[in-house]
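S.K.: Please find one structure pasted underneath; my questions will follow.
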Amino acid sequence: MDMKQMMKQARKMQQQLEEVQNQLKEVEVDATAGGGMVKATVFASGEVKSIEIDKEAVDPEDVELLQDMIVAAVNEAIRSAQELSNQRMSSIAGGMNIPGLF
C-alpha cells in the first residue's frame, strides 16, 4: 500500500470517527439504582442529561443513602456510555487498538 492510499484511508477514518462522535452526543444511556428509585440518563459522549429521583427515595433521616444511590446510578450510566462509545469507535478502526484515539 502506498503512502497516498494510506493518507486517504486515514482521512476517511477521521471523518467516520467525527461522525460517530457527533452521533454519540445524542445517544442516551440510562442506569438505575435503589431498585429504580434513582435513574441517571447520560449521553454516550459522557455528559449527564438528567437525574430522576422517586419521592419515596427522599428520606431526611437517611440522606447518605440517597447520595449513594445517585452516585451509583450516574457511575453505571457513565460506564455504560463509555462502553458503547468504545464499541462504536473501535468498529471504525477495524479493531485496531490505537493509543489515544479514543
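Here's how to read the names in the C-alpha cells: chain A, B, ... by the order shown, residue numbers from 1 in each chain, ligand numbers from 1 in the order shown.
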Tell me, as a short mmCIF file (atom, residue, chain, number, x, y, z; two decimals) with C-alpha atoms, in the first residue's frame, which residues lie within 12 Å of A:Asp68, counting only C-alpha atoms; anything in the same chain fewer than 4 positions away does not count.

M.R.:
data_model
loop_
_atom_site.label_atom_id
_atom_site.label_comp_id
_atom_site.auth_asym_id
_atom_site.auth_seq_id
_atom_site.Cartn_x
_atom_site.Cartn_y
_atom_site.Cartn_z
CA THR A 32 -30.88 2.95 37.86
CA ALA A 33 -30.04 2.33 41.50
CA GLY A 34 -32.02 1.51 44.59
CA MET A 37 -35.67 4.80 42.83
CA VAL A 38 -32.86 6.80 41.20
CA ALA A 57 -36.22 7.79 47.99
CA ASP A 62 -31.02 9.00 55.53
CA VAL A 63 -29.62 11.49 53.03
CA GLU A 64 -26.45 9.40 52.68
CA ALA A 72 -24.21 4.52 41.79
CA ALA A 73 -26.71 5.35 39.05
CA VAL A 74 -24.53 8.05 37.49
CA ASN A 75 -21.39 5.89 37.60
#

S.K.: Pick out each residue of stretch 26-81 of chain A that DSSP on the backbone tags as strand (DSSP E); I need them as a ChimeraX atom specification.

M.R.: /A:28-33,38-43,48-53

S.K.: Given the selection you just returned, output its residues as a file containing C-alpha atoms, formatted as an mmCIF file, in the first residue's frame.

M.R.:
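Dumped everything to selection.cif:
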data_model
loop_
_atom_site.group_PDB
_atom_site.id
_atom_site.type_symbol
_atom_site.label_atom_id
_atom_site.label_comp_id
_atom_site.auth_asym_id
_atom_site.auth_seq_id
_atom_site.Cartn_x
_atom_site.Cartn_y
_atom_site.Cartn_z
ATOM 1 C CA GLU A 28 -28.822 8.287 25.671
ATOM 2 C CA VAL A 29 -27.864 5.616 28.187
ATOM 3 C CA ASP A 30 -29.933 5.022 31.340
ATOM 4 C CA ALA A 31 -28.987 3.361 34.609
ATOM 5 C CA THR A 32 -30.885 2.952 37.861
ATOM 6 C CA ALA A 33 -30.035 2.330 41.497
ATOM 7 C CA VAL A 38 -32.858 6.804 41.198
ATOM 8 C CA LYS A 39 -32.406 6.977 37.432
ATOM 9 C CA ALA A 40 -29.486 8.656 35.670
ATOM 10 C CA THR A 41 -29.520 9.433 31.962
ATOM 11 C CA VAL A 42 -26.176 10.098 30.295
ATOM 12 C CA PHE A 43 -25.367 10.852 26.680
ATOM 13 C CA VAL A 48 -25.081 13.778 32.202
ATOM 14 C CA LYS A 49 -28.511 14.639 30.804
ATOM 15 C CA SER A 50 -30.753 14.098 33.803
ATOM 16 C CA ILE A 51 -31.264 12.504 37.182
ATOM 17 C CA GLU A 52 -34.691 11.384 38.326
ATOM 18 C CA ILE A 53 -35.406 10.643 41.984
#

S.K.: Would you mind telling me which residue in A:Leu17, A:Ala44, A:Ala77, A:Lys55 lies nearest to A:Ser91 when using only C-alpha atoms?

M.R.: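 Among the listed residues, the smallest separation from A:Ser91 belongs to A:Leu17.
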
S.K.: Which residue is closest to A:Ser45? Choose from A:Arg88, A:Met3, A:Gln67, A:Ala81 and count only C-alpha atoms.

M.R.: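 That would be A:Ala81, the residue with the smallest distance to A:Ser45.
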
S.K.: What are the DSSP helix (DSSP H, G or I) residues of chain A, as an MDAnalysis selection string?

M.R.: chainID A and resid 3:24 55:57 63:92

S.K.: In terms of the shortest atom-to-atom distance over only C-alpha atoms, which of A:Ile92, A:Val71, A:Val58, A:Ile78 is closest to A:Glu19?

M.R.: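 Smallest distance to A:Glu19 is found for A:Ile92.
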
S.K.: Between atom CA of A:Asn86 and atom CA of A:Gln9, measure the distance and give it in Å to one decimal.

M.R.: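 Distance between the two atoms: 20.3 Å.
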
S.K.: Could you check which of A:Arg79, A:Lys4, A:Lys12, A:Lys25 is closest to A:Glu47, using only C-alpha atoms?

M.R.: A:Lys25

S.K.: Choose the residue, out of A:Leu65, A:Gly46, A:Pro60, A:Arg11, that has the smallest atom-to-atom separation from A:Val27; count only C-alpha atoms.

M.R.: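 For A:Val27, the nearest of the given residues is A:Gly46.
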
S.K.: In Å, rounded to a single decimal, give me how far atom CA of A:Ile70 is from atom CA of A:Gly36.

M.R.: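 If I compute the distance from atom CA of A:Gly36 to atom CA of A:Ile70, I get 10.8 Å.
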